[in-house]
Every structure is written in C-alpha cells, then in structure tokens.
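In what follows, a single structure is set out as structure tokens and then discussed.
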Amino acid sequence: MTSAKTEEKQPTVLEQMGGVSGMLYSSLPVLVFVIVNFATKNLMAAIISSLAAAVVIGAVLAVRKGTIQPAISAVFGVGIAAFIAYKTGEAKGFFLFGIWQSVVYGSAFLLSIVVRWPLAGVIWTFLNGRDRSWRDDKASVRDYDIATFVWALVFFARFVVQRWLYDEDQVGWLAVARLGMGYPLMAIALLATVWAVRRADKRLKAAEEAAEAEAKSQAEAEGVLARTADDLMTPDMDELKRVVDAESRDKSRD
C-alpha cells in the first residue's frame, strides 16, 4: 500500500523547480554579474565572475547528482549570456538571450495549443513517464490547453517587461525582473499544470473504472446467455422419461 501511494504522489511545485537549492543556484550567476558590474564598472570582470560562479555551481551540482549534465546546463545559459554581453559591449546584453528566449518559448506554447498538442501535458507526461491517453479525452485536452496558455502568458510577460527595461538601459532592474519574474511566475504556471493533471487523471480514472464495470457486466451477461443456451440444448432426462412411459402405457392399452 505504501509503495502504491508513493508512486501516485505527485511532486510539489517546489520539487518541480528543483527545490530551494535549485532556485538559489540558478540565481547566483545573475546576482554576481550585476553586483560585480555595479561595483567595478568593468564589464569583463562581471562576465568572468558570472562564468566562474556558473562553473562552481555546475561542479557542485555534478558532485551532488553524480553526472556532468547539470554542470553543462549550469554553464551553457550563462555562457551564451556572457558571450552576447561581450559582443555587444554592454552589460544589458547579458539579459538579451533570456529576453528572446521568452518569446520563443511563449510562441511554442501557443502553437502547441493550435495544433492540439498542449505542451503542458506533453512535457508533464514525458517527465513523469506517463502515457498520453489524455489526448483521447477532449475535456483533458482543454484543461491542458488552459495550463499551456498560462505558461505562454508567463513567457510573454517576461518578454514585455524585460524588453522595456532593456530599451531603457536599466541593468539593475533587469536583474530584479529576471529573478522576480522567474520562479514566482513559474510557480503559478506549475500550479495551473498540476490543476490540469489532477483533473485529467481523475477523469481518466473514472473512465477506466466505468469501462471495467461495463466489461464485467458484459462478461456476466454472456455467462448467463451461455448457461441458458446450454439449458435449451440439453434435454431434460426426467421429462423425456415421462414422455416415453406415457407412450408405452398408451401402446399397452391399444
């Protein structure tokens, strides 16, 4: 019973975001970049510091998880952001990759609704090893459409606000917006996804139970029909004996 309950238990919003440590780790390179850039007024120093922070974080994650994949992921995004800042020669360039990344992600989520493959459902089932039986249920697809639309709103909100701050050269506020519109808004989108998952799972479970009940009822009905057919095809020996005796008595009288 305990293992079954453990398997059905869905991860919390905080667990989906990597926990408190994941939130802190992802925020540190951005904070280091802004602080060093503000303190030294030296773009290269800020770039090198943020990259160093990403490498250290990646190494820590690699040791904790026993694989280098977290290290690569931790450095990759910061590396692209740092490269853009270096090429543009402006500190605000550090945030440009994330700004346009929000547009791409938001557009992908909207497009997935149009083609009837809402990404909130697709990604959730992939990450949790579920099947895609929810796609055969229109109500479940609709619920995942709603969750996917919330994700799209989150990404487009990030783009609008951060793009405006970028155009206004507000590097400090860009960092604030990057962090403030990161996990808090993601938590809202994840809550919408969990809502859709629970509704879809409840609906599919009810459908499965109804199908099982119908199959059981049909099997019982088929059993009754089979027994009735056997009764009709099998002669009643007592009745047959009475008929034969009656005919024998009639013949004797004749």
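Every chain in the structure tokens has a letter given in the order shown (A, B, ...), and although residue numbers restart at 1 in each chain, ligands are simply numbered from 1 in the order shown.
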Excluding Ala45 in chain A and any residue of its chain fewer than 6 positions from it, enumerate the residues within 9 Å of it, using only C-alpha atoms, and give them as a PyMOL selection string. chain A and resi 33+36-37
Could you write out that same residue set with C-alpha atoms as an mmCIF file, in the first residue's frame?
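For reference, again.cif as written:
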```
data_model
loop_
_atom_site.group_PDB
_atom_site.id
_atom_site.type_symbol
_atom_site.label_atom_id
_atom_site.label_comp_id
_atom_site.auth_asym_id
_atom_site.auth_seq_id
_atom_site.Cartn_x
_atom_site.Cartn_y
_atom_site.Cartn_z
ATOM 1 C CA PHE A 33 27.181 39.662 -12.722
ATOM 2 C CA VAL A 36 30.454 42.960 -9.889
ATOM 3 C CA ASN A 37 29.436 45.170 -12.802
#
```
Closest atom pairs, residues of range 73-168 of chain A within 9 Å of range 46-61 of chain A, only C-alpha atoms, as a Markdown table:
```
| residue | atom | partner | partner_atom | distance |
| --- | --- | --- | --- | --- |
| A:Ser73 | CA | A:Gly58 | CA | 7.5 |
| A:Ala74 | CA | A:Gly58 | CA | 5.2 |
| A:Val75 | CA | A:Ala54 | CA | 5.2 |
| A:Phe76 | CA | A:Ala54 | CA | 8.7 |
| A:Val78 | CA | A:Leu51 | CA | 6.4 |
| A:Gly79 | CA | A:Leu51 | CA | 6.5 |
| A:Ala81 | CA | A:Ile47 | CA | 8.9 |
| A:Ala82 | CA | A:Ile47 | CA | 5.6 |
| A:Phe83 | CA | A:Ile47 | CA | 8.3 |
| A:Ala85 | CA | A:Ile47 | CA | 7.8 |
| A:Tyr86 | CA | A:Ile47 | CA | 7.7 |
| A:Ala91 | CA | A:Ala46 | CA | 8.4 |
| A:Phe94 | CA | A:Ile47 | CA | 8.4 |
```
Pairwise distance, CA of Ile123 in chain A with CA of Phe149 in chain A, equals 13.9 Å
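Of note, CA of Val34 in chain A and CA of Asp169 in chain A are spaced 13.1 Å apart.
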From the DSSP assignment of the backbone, select every residue of range 130-197 of chain A that is alpha helix (DSSP H), and format the answer as JSON, numbers by chain. {"A": [138, 139, 140, 141, 142, 143, 144, 145, 146, 147, 148, 149, 150, 151, 152, 153, 154, 155, 156, 157, 158, 159, 160, 161, 162, 163, 164, 165, 166, 167, 171, 172, 173, 174, 175, 176, 177, 178, 179, 180, 183, 184, 185, 186, 187, 188, 189, 190, 191, 192, 193, 194, 195, 196, 197]}
Just want the 12 Å neighbourhood of Ala157 in chain A, counted on only C-alpha atoms, with same-chain residues fewer than 5 positions away dropped. Output as a PyMOL selection string. chain A and resi 99-100+102-103+105-106+150-152+162-164+177-178+180-182+185-186
Saved selection, atoms kept: N, CA, C and O atoms, as a short mmCIF file (atom, residue, chain, number, x, y, z; two decimals), in the first residue's frame:
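Contents of part.cif, freshly written:
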```
data_model
loop_
_atom_site.label_atom_id
_atom_site.label_comp_id
_atom_site.auth_asym_id
_atom_site.auth_seq_id
_atom_site.Cartn_x
_atom_site.Cartn_y
_atom_site.Cartn_z
N ILE A 99 15.72 37.29 -22.80
CA ILE A 99 14.56 38.05 -23.29
C ILE A 99 13.96 37.39 -24.53
O ILE A 99 12.74 37.14 -24.60
N TRP A 100 14.81 37.10 -25.49
CA TRP A 100 14.30 36.50 -26.73
C TRP A 100 13.95 35.02 -26.54
O TRP A 100 13.11 34.48 -27.27
N SER A 102 12.35 33.97 -24.04
CA SER A 102 10.96 34.01 -23.57
C SER A 102 9.99 34.08 -24.73
O SER A 102 8.91 33.45 -24.71
N VAL A 103 10.34 34.84 -25.77
CA VAL A 103 9.47 34.94 -26.95
C VAL A 103 9.34 33.58 -27.64
O VAL A 103 8.25 33.15 -28.02
N TYR A 105 9.84 30.54 -26.39
CA TYR A 105 9.09 29.60 -25.56
C TYR A 105 7.59 29.93 -25.56
O TYR A 105 6.75 29.03 -25.68
N GLY A 106 7.26 31.21 -25.41
CA GLY A 106 5.86 31.61 -25.41
C GLY A 106 5.17 31.26 -26.72
O GLY A 106 4.04 30.76 -26.73
N VAL A 150 -1.41 29.52 -19.74
CA VAL A 150 -0.81 30.22 -18.59
C VAL A 150 0.71 30.29 -18.76
O VAL A 150 1.33 31.34 -18.50
N TRP A 151 1.32 29.20 -19.21
CA TRP A 151 2.77 29.21 -19.46
C TRP A 151 3.11 30.26 -20.52
O TRP A 151 4.10 30.99 -20.39
N ALA A 152 2.32 30.31 -21.59
CA ALA A 152 2.58 31.29 -22.65
C ALA A 152 2.49 32.71 -22.11
O ALA A 152 3.33 33.57 -22.44
N GLN A 162 10.89 42.84 -19.55
CA GLN A 162 12.35 42.87 -19.64
C GLN A 162 12.83 43.57 -20.91
O GLN A 162 13.88 44.20 -20.91
N ARG A 163 12.07 43.45 -21.96
CA ARG A 163 12.44 44.17 -23.19
C ARG A 163 12.34 45.68 -22.96
O ARG A 163 13.20 46.45 -23.44
N TRP A 164 11.32 46.12 -22.25
CA TRP A 164 11.18 47.55 -21.95
C TRP A 164 12.35 48.03 -21.08
O TRP A 164 12.93 49.08 -21.35
N ALA A 177 13.94 42.01 -12.43
CA ALA A 177 12.85 41.43 -13.22
C ALA A 177 13.16 39.98 -13.59
O ALA A 177 12.27 39.12 -13.58
N ARG A 178 14.42 39.71 -13.91
CA ARG A 178 14.83 38.36 -14.27
C ARG A 178 14.55 37.39 -13.11
O ARG A 178 14.03 36.28 -13.32
N GLY A 180 12.65 38.14 -10.22
CA GLY A 180 11.29 38.26 -9.72
C GLY A 180 10.25 37.64 -10.63
O GLY A 180 9.21 37.16 -10.16
N MET A 181 10.52 37.64 -11.95
CA MET A 181 9.58 37.06 -12.89
C MET A 181 9.98 35.65 -13.28
O MET A 181 9.42 35.07 -14.22
N GLY A 182 10.96 35.11 -12.56
CA GLY A 182 11.41 33.75 -12.83
C GLY A 182 10.57 32.73 -12.08
O GLY A 182 9.50 32.32 -12.51
N LEU A 185 6.59 33.48 -11.07
CA LEU A 185 5.64 33.27 -12.16
C LEU A 185 5.62 31.81 -12.61
O LEU A 185 4.57 31.27 -12.98
N MET A 186 6.79 31.16 -12.55
CA MET A 186 6.84 29.75 -12.92
C MET A 186 6.00 28.91 -11.95
O MET A 186 5.38 27.93 -12.34
#
```
